[in-house]
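start.txt (compact mmCIF, C-alpha atoms) appears below.
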```txt
# COMPACT_ATOMS: atom_id res chain seq x y z
CA MET M 1 -57.12 161.79 37.37
CA LYS M 2 -58.66 161.02 33.98
CA VAL M 3 -60.81 157.89 33.72
CA VAL M 4 -62.30 156.68 30.44
CA HIS M 5 -65.09 154.10 30.34
CA ILE M 6 -65.66 152.25 27.05
CA VAL M 7 -68.90 150.33 26.46
CA GLU M 8 -70.54 148.90 23.35
CA ALA M 9 -73.42 147.03 25.03
CA LEU M 10 -75.23 150.13 26.30
CA GLU M 11 -78.77 148.83 26.82
CA GLY M 12 -80.93 147.26 29.52
CA GLY M 13 -79.18 146.80 32.84
CA VAL M 14 -75.87 148.13 31.50
CA TYR M 15 -77.61 151.35 30.48
CA ALA M 16 -79.05 151.72 33.99
CA TYR M 17 -75.59 151.03 35.44
CA PHE M 18 -73.98 153.74 33.31
CA LYS M 19 -76.71 156.26 33.99
CA ASP M 20 -76.06 155.80 37.73
CA LEU M 21 -72.29 155.82 37.18
CA SER M 22 -72.55 159.15 35.34
CA ALA M 23 -74.61 160.61 38.19
CA PHE M 24 -72.08 159.52 40.81
CA PHE M 25 -68.86 160.48 39.03
CA GLY M 26 -70.50 163.54 37.47
CA ASP M 27 -71.36 164.89 40.90
CA GLU M 28 -69.63 168.22 41.60
CA LYS M 29 -67.66 166.80 44.54
CA ASN M 30 -66.38 163.75 42.66
CA CYS M 31 -65.55 165.76 39.52
CA LYS M 32 -62.83 167.55 41.47
CA THR M 33 -60.75 164.37 41.84
CA ILE M 34 -61.78 162.27 38.82
CA GLU M 35 -62.56 163.51 35.32
CA THR M 36 -64.84 160.91 33.73
CA THR M 37 -65.37 160.24 30.03
CA ILE M 38 -67.81 157.64 28.70
CA ILE M 39 -67.18 156.36 25.18
CA TYR M 40 -70.24 154.43 24.05
CA SER M 41 -72.02 153.12 20.98
CA SER M 42 -75.60 154.11 20.17
CA ASN M 43 -76.10 151.02 18.00
CA ARG M 44 -78.07 149.02 20.56
CA ASN M 45 -81.88 149.05 20.47
CA GLY M 46 -83.49 151.81 22.50
CA VAL M 47 -80.24 153.80 22.76
CA SER M 48 -79.76 157.14 21.03
CA ILE M 49 -77.35 160.06 21.33
CA GLU M 50 -80.29 162.27 22.33
CA LYS M 51 -81.40 159.87 25.07
CA VAL M 52 -77.89 159.54 26.51
CA ASN M 53 -77.28 163.31 26.42
CA SER M 54 -80.57 164.03 28.20
CA GLU M 55 -80.35 161.29 30.86
CA PHE M 56 -76.64 161.16 31.73
CA SER M 57 -74.98 163.68 34.06
CA LYS M 58 -73.59 166.86 32.53
CA GLY M 59 -70.58 166.34 34.80
CA VAL M 60 -69.13 163.60 32.57
CA ASN M 61 -67.85 163.77 29.00
CA LEU M 62 -69.78 161.72 26.44
CA ILE M 63 -68.35 160.44 23.15
CA ASN M 64 -70.30 158.32 20.68
CA ILE M 65 -68.31 155.90 18.49
CA ASN M 66 -69.81 153.32 16.17
CA MET M 67 -69.20 149.80 17.58
CA VAL M 68 -71.11 146.67 16.64
CA ARG M 69 -71.95 143.60 18.69
CA GLU M 70 -71.07 140.97 16.09
CA ILE M 71 -67.56 140.30 14.80
CA SER M 72 -66.93 142.48 11.74
CA LEU M 73 -63.31 142.98 10.67
CA LEU M 74 -64.01 146.19 8.76
CA GLN M 75 -66.22 147.85 11.38
CA ASP M 76 -64.08 146.61 14.28
CA TYR M 77 -60.94 148.00 12.62
CA SER M 78 -62.69 151.35 12.14
CA ALA M 79 -63.81 151.37 15.77
CA ILE M 80 -60.27 150.65 17.00
CA ILE M 81 -58.86 153.53 14.92
CA LYS M 82 -61.47 155.95 16.29
CA LEU M 83 -61.04 154.71 19.87
CA THR M 84 -57.26 155.10 19.65
CA GLY M 85 -57.68 158.64 18.33
CA GLU M 86 -60.02 159.65 21.15
CA LEU M 87 -57.82 158.06 23.80
CA LYS M 88 -54.77 159.93 22.49
CA LYS M 89 -56.69 163.22 22.77
CA ILE M 90 -57.84 162.47 26.33
CA ASN M 91 -54.55 160.94 27.56
CA PRO M 92 -56.25 158.93 30.35
CA ASP M 93 -54.72 157.53 33.52
CA ILE M 94 -57.27 154.70 33.67
CA ILE M 95 -59.29 152.90 30.99
CA HIS M 96 -62.25 150.87 32.25
CA LEU M 97 -63.78 148.50 29.69
CA HIS M 98 -67.30 147.10 29.99
CA SER M 99 -68.67 143.87 28.42
CA SER M 100 -66.96 141.53 25.97
CA LYS M 101 -66.82 143.59 22.77
CA ALA M 102 -65.47 146.72 24.41
CA GLY M 103 -63.07 144.48 26.31
CA VAL M 104 -61.53 143.43 22.99
CA LEU M 105 -61.66 146.73 21.07
CA GLY M 106 -60.64 148.83 24.05
CA ARG M 107 -57.62 146.71 24.96
CA ILE M 108 -56.29 146.90 21.40
CA ALA M 109 -56.84 150.67 21.25
CA ALA M 110 -55.15 151.12 24.65
CA PHE M 111 -52.16 149.11 23.41
CA PHE M 112 -51.65 151.57 20.55
CA LEU M 113 -51.28 154.45 23.00
CA PHE M 114 -47.78 153.05 23.68
CA LYS M 115 -47.87 154.30 27.27
CA LYS M 116 -48.61 152.74 30.62
CA VAL M 117 -52.30 153.03 31.45
CA LYS M 118 -54.19 151.18 34.16
CA ILE M 119 -56.72 148.82 32.57
CA PHE M 120 -59.88 147.58 34.30
CA TYR M 121 -62.42 145.26 32.71
CA THR M 122 -65.96 144.44 33.85
CA PRO M 123 -67.52 141.56 31.86
CA HIS M 124 -71.14 142.19 33.00
CA GLY M 125 -71.68 138.47 32.29
CA TYR M 126 -69.02 136.52 30.40
CA ALA M 127 -70.04 135.69 26.82
CA PHE M 128 -68.76 132.11 27.20
CA LEU M 129 -71.44 131.50 29.86
CA ARG M 130 -74.28 132.10 27.42
CA THR M 131 -76.62 129.13 27.04
CA ASP M 132 -78.04 130.05 23.63
CA ILE M 133 -74.84 129.37 21.70
CA SER M 134 -72.94 126.24 20.66
CA LYS M 135 -70.12 124.63 22.63
CA THR M 136 -67.75 125.72 19.85
CA ALA M 137 -68.83 129.35 20.23
CA LYS M 138 -68.47 129.13 24.02
CA LYS M 139 -64.97 127.73 23.62
CA PHE M 140 -64.09 130.50 21.16
CA TYR M 141 -65.28 133.23 23.54
CA SER M 142 -63.43 131.59 26.44
CA VAL M 143 -60.17 131.51 24.45
CA ILE M 144 -60.62 135.18 23.49
CA GLU M 145 -61.25 136.24 27.12
CA LYS M 146 -58.28 134.29 28.50
CA GLY M 147 -55.98 135.18 25.61
CA PHE M 148 -56.66 138.92 25.79
CA GLN M 149 -56.26 138.89 29.55
CA TRP M 150 -52.91 137.08 29.27
CA PHE M 151 -51.58 139.35 26.49
CA PHE M 152 -52.87 142.76 27.57
CA GLY M 153 -53.22 142.26 31.34
CA GLY M 154 -55.33 144.51 33.54
CA THR M 155 -57.64 143.93 36.50
CA ILE M 156 -61.03 142.29 36.14
CA ILE M 157 -63.81 143.90 38.18
CA ALA M 158 -66.58 141.34 38.65
CA CYS M 159 -70.12 142.67 39.15
CA GLY M 160 -71.31 139.61 41.10
CA ASP M 161 -69.98 136.92 43.43
CA THR M 162 -69.97 133.96 41.02
CA GLU M 163 -68.53 136.08 38.22
CA PHE M 164 -65.77 136.99 40.70
CA GLU M 165 -64.97 133.32 41.35
CA ILE M 166 -64.72 132.70 37.59
CA ALA M 167 -62.68 135.88 37.01
CA LYS M 168 -60.06 134.83 39.58
CA ASN M 169 -59.20 131.87 37.34
CA ILE M 170 -58.64 134.20 34.37
CA GLY M 171 -56.59 137.01 35.90
CA PRO M 172 -56.24 139.48 38.79
CA ALA M 173 -59.77 140.24 39.97
CA LYS M 174 -61.76 142.43 42.34
CA LEU M 175 -65.42 142.24 43.37
CA ILE M 176 -67.55 145.38 43.15
CA ARG M 177 -71.20 144.41 42.92
CA ASN M 178 -73.80 146.14 40.79
CA GLY M 179 -76.13 148.37 42.75
CA VAL M 180 -79.24 150.50 42.36
CA ASP M 181 -80.45 153.91 43.54
CA ILE M 182 -82.52 152.60 46.44
CA ILE M 183 -83.67 156.02 47.67
CA ASP M 184 -84.96 157.01 44.22
CA ILE M 185 -86.71 153.67 43.68
CA ARG M 186 -88.32 153.78 47.13
CA GLN M 187 -90.20 156.95 46.14
CA HIS M 188 -92.42 154.70 43.99
CA PHE M 189 -93.15 152.10 46.67
CA LEU M 190 -96.71 151.54 47.84
CA PRO M 191 -98.00 148.39 49.60
CA GLN M 192 -99.57 146.20 46.95
CA GLN M 193 -102.01 143.25 46.91
CA ASN M 194 -103.84 142.20 43.77
CA ALA M 195 -107.08 140.21 43.65
CA LYS M 196 -105.22 137.66 41.48
CA LEU M 197 -101.57 136.86 42.11
CA THR M 198 -99.71 139.03 39.59
CA ILE M 199 -96.26 137.96 38.45
CA GLY M 200 -94.00 140.21 36.41
CA ILE M 201 -90.65 140.71 34.72
CA LEU M 202 -88.90 143.89 33.58
CA GLY M 203 -86.66 144.15 30.53
CA ARG M 204 -86.29 143.69 26.82
CA ILE M 205 -87.96 140.64 25.28
CA THR M 206 -84.70 139.11 24.03
CA PRO M 207 -83.09 135.64 23.99
CA ALA M 208 -81.22 136.40 27.23
CA ARG M 209 -84.51 136.87 29.12
CA ASN M 210 -85.94 133.60 27.72
CA PRO M 211 -89.48 134.77 26.84
CA GLN M 212 -90.44 131.24 25.77
CA LEU M 213 -89.98 130.04 29.35
CA PHE M 214 -91.94 133.00 30.72
CA ASN M 215 -94.76 132.13 28.30
CA ASP M 216 -94.67 128.43 29.23
CA ILE M 217 -94.94 129.33 32.92
CA ALA M 218 -97.96 131.56 32.26
CA LEU M 219 -99.63 128.74 30.33
CA ARG M 220 -98.93 126.34 33.21
CA PHE M 221 -100.56 128.72 35.71
CA PRO M 222 -103.67 130.16 34.00
CA ASP M 223 -105.18 131.37 37.30
CA PHE M 224 -102.44 133.96 37.76
CA ASN M 225 -101.88 137.21 35.90
CA PHE M 226 -98.51 137.83 34.23
CA ILE M 227 -97.02 141.08 33.00
CA TRP M 228 -93.94 141.81 30.90
CA ILE M 229 -92.79 145.38 31.53
CA GLY M 230 -91.08 146.26 28.26
CA ASP M 231 -91.03 145.00 24.70
CA GLY M 232 -88.60 143.52 22.20
CA GLU M 233 -87.91 141.60 19.04
CA LEU M 234 -89.12 138.27 20.49
CA ASN M 235 -92.52 139.54 21.62
CA HIS M 236 -94.15 137.12 19.17
CA LEU M 237 -93.20 134.31 21.57
CA ILE M 238 -95.55 135.77 24.18
CA THR M 239 -98.86 134.09 23.33
CA ALA M 240 -100.39 133.13 26.70
CA PRO M 241 -103.73 134.94 27.18
CA ASN M 242 -102.88 135.77 30.82
CA ILE M 243 -99.75 137.77 29.87
CA LYS M 244 -99.88 141.52 29.29
CA ILE M 245 -97.00 143.26 27.49
CA THR M 246 -96.80 146.93 28.48
CA GLY M 247 -94.74 148.03 25.48
CA TRP M 248 -91.91 150.53 25.85
CA LEU M 249 -92.18 152.78 28.89
CA LEU M 250 -89.77 155.67 28.35
CA ASP M 251 -90.43 157.38 31.69
CA LYS M 252 -88.67 155.59 34.57
CA LYS M 253 -91.45 156.75 36.90
CA ASN M 254 -93.95 154.70 34.88
CA VAL M 255 -91.59 151.72 34.90
CA PHE M 256 -91.29 151.72 38.69
CA GLU M 257 -95.03 152.22 39.12
CA LYS M 258 -95.67 149.14 36.98
CA LEU M 259 -92.98 147.20 38.82
CA ASN M 260 -94.53 148.20 42.14
CA SER M 261 -97.94 146.91 40.97
CA ILE M 262 -96.88 143.24 40.81
CA ASP M 263 -96.88 140.72 43.67
CA VAL M 264 -93.95 138.51 42.63
CA TYR M 265 -90.98 139.18 40.36
CA LEU M 266 -90.07 136.34 37.96
CA GLN M 267 -86.65 136.36 36.29
CA THR M 268 -86.46 133.72 33.53
CA SER M 269 -82.96 134.59 32.24
CA LEU M 270 -80.70 132.16 30.42
CA TRP M 271 -77.57 134.07 31.50
CA GLU M 272 -76.75 137.16 33.58
CA GLY M 273 -73.96 139.23 35.06
CA LEU M 274 -75.82 140.65 38.07
CA PRO M 275 -79.31 141.73 36.92
CA ILE M 276 -80.23 145.32 37.76
CA ALA M 277 -83.96 144.68 37.22
CA VAL M 278 -84.01 142.06 39.99
CA LEU M 279 -82.35 144.54 42.36
CA GLU M 280 -84.94 147.18 41.44
CA ALA M 281 -87.74 144.71 42.22
CA MET M 282 -86.12 143.89 45.58
CA ALA M 283 -85.86 147.60 46.41
CA LEU M 284 -89.65 147.68 45.91
CA GLU M 285 -89.99 144.74 48.33
CA LYS M 286 -90.90 142.12 45.76
CA PRO M 287 -90.12 138.46 46.44
CA VAL M 288 -88.12 137.06 43.52
CA ILE M 289 -88.36 133.72 41.75
CA ALA M 290 -85.45 133.30 39.34
CA THR M 291 -83.72 130.73 37.19
CA ASN M 292 -80.83 129.05 38.99
CA ILE M 293 -78.02 130.67 37.02
CA ILE M 294 -74.97 132.86 37.68
CA GLY M 295 -76.13 136.34 38.64
CA ASN M 296 -79.62 135.38 39.79
CA LYS M 297 -78.33 132.99 42.45
CA ASP M 298 -75.93 135.70 43.68
CA ILE M 299 -78.91 137.90 44.56
CA VAL M 300 -81.75 135.65 45.69
CA VAL M 301 -81.55 133.97 49.10
CA PRO M 302 -83.81 130.87 48.95
CA ASP M 303 -86.61 130.82 51.55
CA GLN M 304 -85.71 134.36 52.63
CA THR M 305 -86.03 136.73 49.66
CA GLY M 306 -87.47 134.28 47.11
CA PHE M 307 -86.52 131.09 45.30
CA VAL M 308 -84.33 129.86 42.45
CA PHE M 309 -85.51 127.09 40.15
CA ASP M 310 -84.24 124.72 37.47
CA LYS M 311 -87.56 123.29 36.23
CA ILE M 312 -91.10 124.63 35.86
CA ASP M 313 -92.38 121.80 38.08
CA GLU M 314 -90.71 123.44 41.09
CA LEU M 315 -92.79 126.59 40.69
CA GLU M 316 -96.08 125.11 41.88
CA ASN M 317 -94.76 124.89 45.43
CA TYR M 318 -93.10 128.31 45.29
CA PHE M 319 -96.21 130.07 43.97
CA GLU M 320 -98.31 128.31 46.61
CA ILE M 321 -96.02 129.65 49.34
CA LEU M 322 -96.09 133.17 47.90
CA LYS M 323 -99.87 133.24 47.61
CA ALA M 324 -99.85 134.28 51.26
CA HIS M 325 -99.64 138.06 51.56
CA LYS M 326 -97.79 137.84 54.90
CA THR M 327 -95.11 135.64 53.34
CA ARG M 328 -94.65 138.00 50.40
CA ALA M 329 -94.37 140.94 52.79
CA LEU M 330 -91.74 139.15 54.89
CA PHE M 331 -89.72 138.12 51.82
CA GLY M 332 -90.03 141.68 50.49
CA GLU M 333 -88.70 143.18 53.71
CA ASN M 334 -85.77 140.76 53.60
CA ALA M 335 -85.12 141.69 49.96
CA LEU M 336 -85.00 145.42 50.74
CA LYS M 337 -82.66 144.79 53.67
CA ARG M 338 -80.35 142.77 51.40
CA CYS M 339 -80.32 145.65 48.89
CA TYR M 340 -79.19 148.08 51.58
CA GLU M 341 -76.49 145.66 52.75
CA LEU M 342 -74.96 144.72 49.37
CA PHE M 343 -76.51 146.54 46.43
CA ASP M 344 -76.54 150.27 47.21
CA LYS M 345 -75.08 151.90 44.09
CA ASP M 346 -73.48 154.83 45.94
CA GLU M 347 -71.62 152.55 48.36
CA ASN M 348 -70.48 150.33 45.49
CA PHE M 349 -69.35 153.26 43.33
CA LYS M 350 -67.36 154.51 46.33
CA GLN M 351 -65.52 151.17 46.23
CA LEU M 352 -64.82 151.73 42.53
CA GLN M 353 -63.62 155.27 43.23
CA ALA M 354 -61.25 153.98 45.94
CA LEU M 355 -59.89 151.32 43.56
CA TYR M 356 -59.14 153.96 40.93
CA GLN M 357 -57.25 156.02 43.50
CA GLU M 358 -55.09 153.19 44.85
```

Structure rendered as structure tokens:
Amino acid sequence: MKVVHIVEALEGGVYAYFKDLSAFFGDEKNCKTIETTIIYSSNRNGVSIEKVNSEFSKGVNLININMVREISLLQDYSAIIKLTGELKKINPDIIHLHSSKAGVLGRIAAFFLFKKVKIFYTPHGYAFLRTDISKTAKKFYSVIEKGFQWFFGGTIIACGDTEFEIAKNIGPAKLIRNGVDIIDIRQHFLPQQNAKLTIGILGRITPARNPQLFNDIALRFPDFNFIWIGDGELNHLITAPNIKITGWLLDKKNVFEKLNSIDVYLQTSLWEGLPIAVLEAMALEKPVIATNIIGNKDIVVPDQTGFVFDKIDELENYFEILKAHKTRALFGENALKRCYELFDKDENFKQLQALYQE
């Protein structure tokens, strides 16, 4: 069976997802039943052909095609032509599209194959749920998603529970949650207790992560230390003196060591699919405080693994509770248990494998 994955948004959590996907489907045992090709774009920040070639499994085929995030008739037309050409060469049985832009370009390219191919589509966070765009833009993205689903068909594979509920109203849908490599992450776990409560986030400093809110929280709680593991184009919004920005950490070992060094994980996202970074923090037994949005609320169990919040005012009580080391340890144990139950990447990729083979 030949399976082709198409992704334009190869950065952040999606990059981590694809790196794990390549390891699973590139494994010698799985290669015997499914031949996997990943068609990606290296246009996103922090993504290069060299990086992908060195970090992805040699057991999958990698093809780089220029795709852009924004709508561009000329560049999108060029991408569709190139995608169609590659798909004709491969002659796949299944095409799995990831995120909104690939969902559009890939469906059009698949149509021009003029043959029956199974189509799967994982939104990784619907674009019309973004909170940094106008109502008109949200409506436009919603019409595109529903229109393309109606015209081209296919099965939606939601990466989180709330996304699944939304997807069911758009078309045929399945739930296969995002997961992480728990065993690998656990190699970097050491019990941790800082002299000052240390609160951290992992990821690019982009609009989706809402760095302004992270900064406002740090200003509101000057007695705590804050750390942003990563960097990004909005780093100028981080001005609070009690925030440290690590800059880019290219070695995953260093990333997990930094993540292990915090006491509480704080996710300030404006929108999410199902955030990989939160799962990584939970695998390291970190209690999580996260904005009450789709994705975050599908992971965090209030009063058991952390808290979700709508306003900064709520955080005073939550931080007070998590000042206690015993409470953080209990929440962390619960978080790790929840990862094993729902967010083990190998178990979840096995579900995907079974779906392909139906």

Measure the distance from CA of Asn64 in chain M to CA of Ser42 in chain M in Å and round it to one decimal. 6.8 Å

So how many Å separate CA of Gly160 in chain M and CA of Lys116 in chain M, to one decimal? 28.2 Å

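The closest residue to Asp161 in chain M, picked from M:Leu21, M:Ala290, M:Ile176, M:Ala127 and counting all atoms listed in the file, is M:Ile176.
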
Using only C-alpha atoms, find the one residue out of M:Ser100, M:Asn61, M:Thr131, M:Ser269 that sits nearest to Ile144 in chain M. M:Ser100

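Atom pair CA of Ile133 in chain M / CA of Pro211 in chain M: separated by 16.4 Å.
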
Among listed residues M:Glu8, M:Asp216, M:Asp184, M:Glu320, nearest Ala79 in chain M (using only C-alpha atoms): M:Glu8

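Between Ile156 in chain M and the candidates M:Gly295, M:Pro92, M:Gly332, M:Gly103, the tightest atom-to-atom separation, counting only C-alpha atoms, involves M:Gly103.
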
Some atoms are missing, so please complete range 209-231 of chain M with N, CA and C atoms and return it as a PDB file, in the coordinates of the input.
```pdb
ATOM      1  N   ARG M 209     -83.444 136.908  28.108  1.00  0.00           N
ATOM      2  CA  ARG M 209     -84.510 136.870  29.120  1.00  0.00           C
ATOM      3  C   ARG M 209     -85.380 135.618  29.001  1.00  0.00           C
ATOM      4  N   ASN M 210     -85.209 134.857  27.921  1.00  0.00           N
ATOM      5  CA  ASN M 210     -85.940 133.600  27.720  1.00  0.00           C
ATOM      6  C   ASN M 210     -87.465 133.774  27.762  1.00  0.00           C
ATOM      7  N   PRO M 211     -88.031 134.549  26.839  1.00  0.00           N
ATOM      8  CA  PRO M 211     -89.480 134.770  26.840  1.00  0.00           C
ATOM      9  C   PRO M 211     -90.299 133.501  26.637  1.00  0.00           C
ATOM     10  N   GLN M 212     -89.717 132.496  25.964  1.00  0.00           N
ATOM     11  CA  GLN M 212     -90.440 131.240  25.770  1.00  0.00           C
ATOM     12  C   GLN M 212     -90.739 130.573  27.114  1.00  0.00           C
ATOM     13  N   LEU M 213     -89.773 130.605  28.021  1.00  0.00           N
ATOM     14  CA  LEU M 213     -89.980 130.040  29.350  1.00  0.00           C
ATOM     15  C   LEU M 213     -91.024 130.834  30.118  1.00  0.00           C
ATOM     16  N   PHE M 214     -90.948 132.151  30.046  1.00  0.00           N
ATOM     17  CA  PHE M 214     -91.940 133.000  30.720  1.00  0.00           C
ATOM     18  C   PHE M 214     -93.345 132.660  30.217  1.00  0.00           C
ATOM     19  N   ASN M 215     -93.469 132.469  28.903  1.00  0.00           N
ATOM     20  CA  ASN M 215     -94.760 132.130  28.300  1.00  0.00           C
ATOM     21  C   ASN M 215     -95.232 130.750  28.758  1.00  0.00           C
ATOM     22  N   ASP M 216     -94.312 129.791  28.797  1.00  0.00           N
ATOM     23  CA  ASP M 216     -94.670 128.430  29.230  1.00  0.00           C
ATOM     24  C   ASP M 216     -95.153 128.422  30.681  1.00  0.00           C
ATOM     25  N   ILE M 217     -94.528 129.245  31.515  1.00  0.00           N
ATOM     26  CA  ILE M 217     -94.940 129.330  32.920  1.00  0.00           C
ATOM     27  C   ILE M 217     -96.347 129.904  33.031  1.00  0.00           C
ATOM     28  N   ALA M 218     -96.616 130.950  32.244  1.00  0.00           N
ATOM     29  CA  ALA M 218     -97.960 131.560  32.260  1.00  0.00           C
ATOM     30  C   ALA M 218     -99.019 130.560  31.807  1.00  0.00           C
ATOM     31  N   LEU M 219     -98.691 129.759  30.792  1.00  0.00           N
ATOM     32  CA  LEU M 219     -99.630 128.740  30.330  1.00  0.00           C
ATOM     33  C   LEU M 219     -99.863 127.669  31.389  1.00  0.00           C
ATOM     34  N   ARG M 220     -98.822 127.356  32.151  1.00  0.00           N
ATOM     35  CA  ARG M 220     -98.930 126.340  33.210  1.00  0.00           C
ATOM     36  C   ARG M 220     -99.786 126.832  34.382  1.00  0.00           C
ATOM     37  N   PHE M 221     -99.824 128.161  34.575  1.00  0.00           N
ATOM     38  CA  PHE M 221    -100.560 128.720  35.710  1.00  0.00           C
ATOM     39  C   PHE M 221    -101.588 129.751  35.218  1.00  0.00           C
ATOM     40  N   PRO M 222    -102.680 129.262  34.607  1.00  0.00           N
ATOM     41  CA  PRO M 222    -103.670 130.160  34.000  1.00  0.00           C
ATOM     42  C   PRO M 222    -104.460 130.991  35.013  1.00  0.00           C
ATOM     43  N   ASP M 223    -104.424 130.622  36.289  1.00  0.00           N
ATOM     44  CA  ASP M 223    -105.180 131.370  37.300  1.00  0.00           C
ATOM     45  C   ASP M 223    -104.452 132.612  37.784  1.00  0.00           C
ATOM     46  N   PHE M 224    -103.217 132.778  37.364  1.00  0.00           N
ATOM     47  CA  PHE M 224    -102.440 133.960  37.760  1.00  0.00           C
ATOM     48  C   PHE M 224    -102.340 134.939  36.589  1.00  0.00           C
ATOM     49  N   ASN M 225    -102.150 136.199  36.915  1.00  0.00           N
ATOM     50  CA  ASN M 225    -101.880 137.210  35.900  1.00  0.00           C
ATOM     51  C   ASN M 225    -100.372 137.393  35.745  1.00  0.00           C
ATOM     52  N   PHE M 226     -99.932 137.597  34.514  1.00  0.00           N
ATOM     53  CA  PHE M 226     -98.510 137.830  34.230  1.00  0.00           C
ATOM     54  C   PHE M 226     -98.372 139.129  33.454  1.00  0.00           C
ATOM     55  N   ILE M 227     -97.261 139.828  33.705  1.00  0.00           N
ATOM     56  CA  ILE M 227     -97.020 141.080  33.000  1.00  0.00           C
ATOM     57  C   ILE M 227     -95.552 141.168  32.610  1.00  0.00           C
ATOM     58  N   TRP M 228     -95.312 141.563  31.354  1.00  0.00           N
ATOM     59  CA  TRP M 228     -93.940 141.810  30.900  1.00  0.00           C
ATOM     60  C   TRP M 228     -93.811 143.316  30.726  1.00  0.00           C
ATOM     61  N   ILE M 229     -92.993 143.937  31.578  1.00  0.00           N
ATOM     62  CA  ILE M 229     -92.790 145.380  31.530  1.00  0.00           C
ATOM     63  C   ILE M 229     -91.666 145.651  30.539  1.00  0.00           C
ATOM     64  N   GLY M 230     -92.048 146.045  29.333  1.00  0.00           N
ATOM     65  CA  GLY M 230     -91.080 146.260  28.260  1.00  0.00           C
ATOM     66  C   GLY M 230     -91.587 145.736  26.954  1.00  0.00           C
ATOM     67  N   ASP M 231     -90.689 145.512  26.023  1.00  0.00           N
ATOM     68  CA  ASP M 231     -91.030 145.000  24.700  1.00  0.00           C
ATOM     69  C   ASP M 231     -89.734 144.503  24.063  1.00  0.00           C
TER      70      ASP M 231
END
```
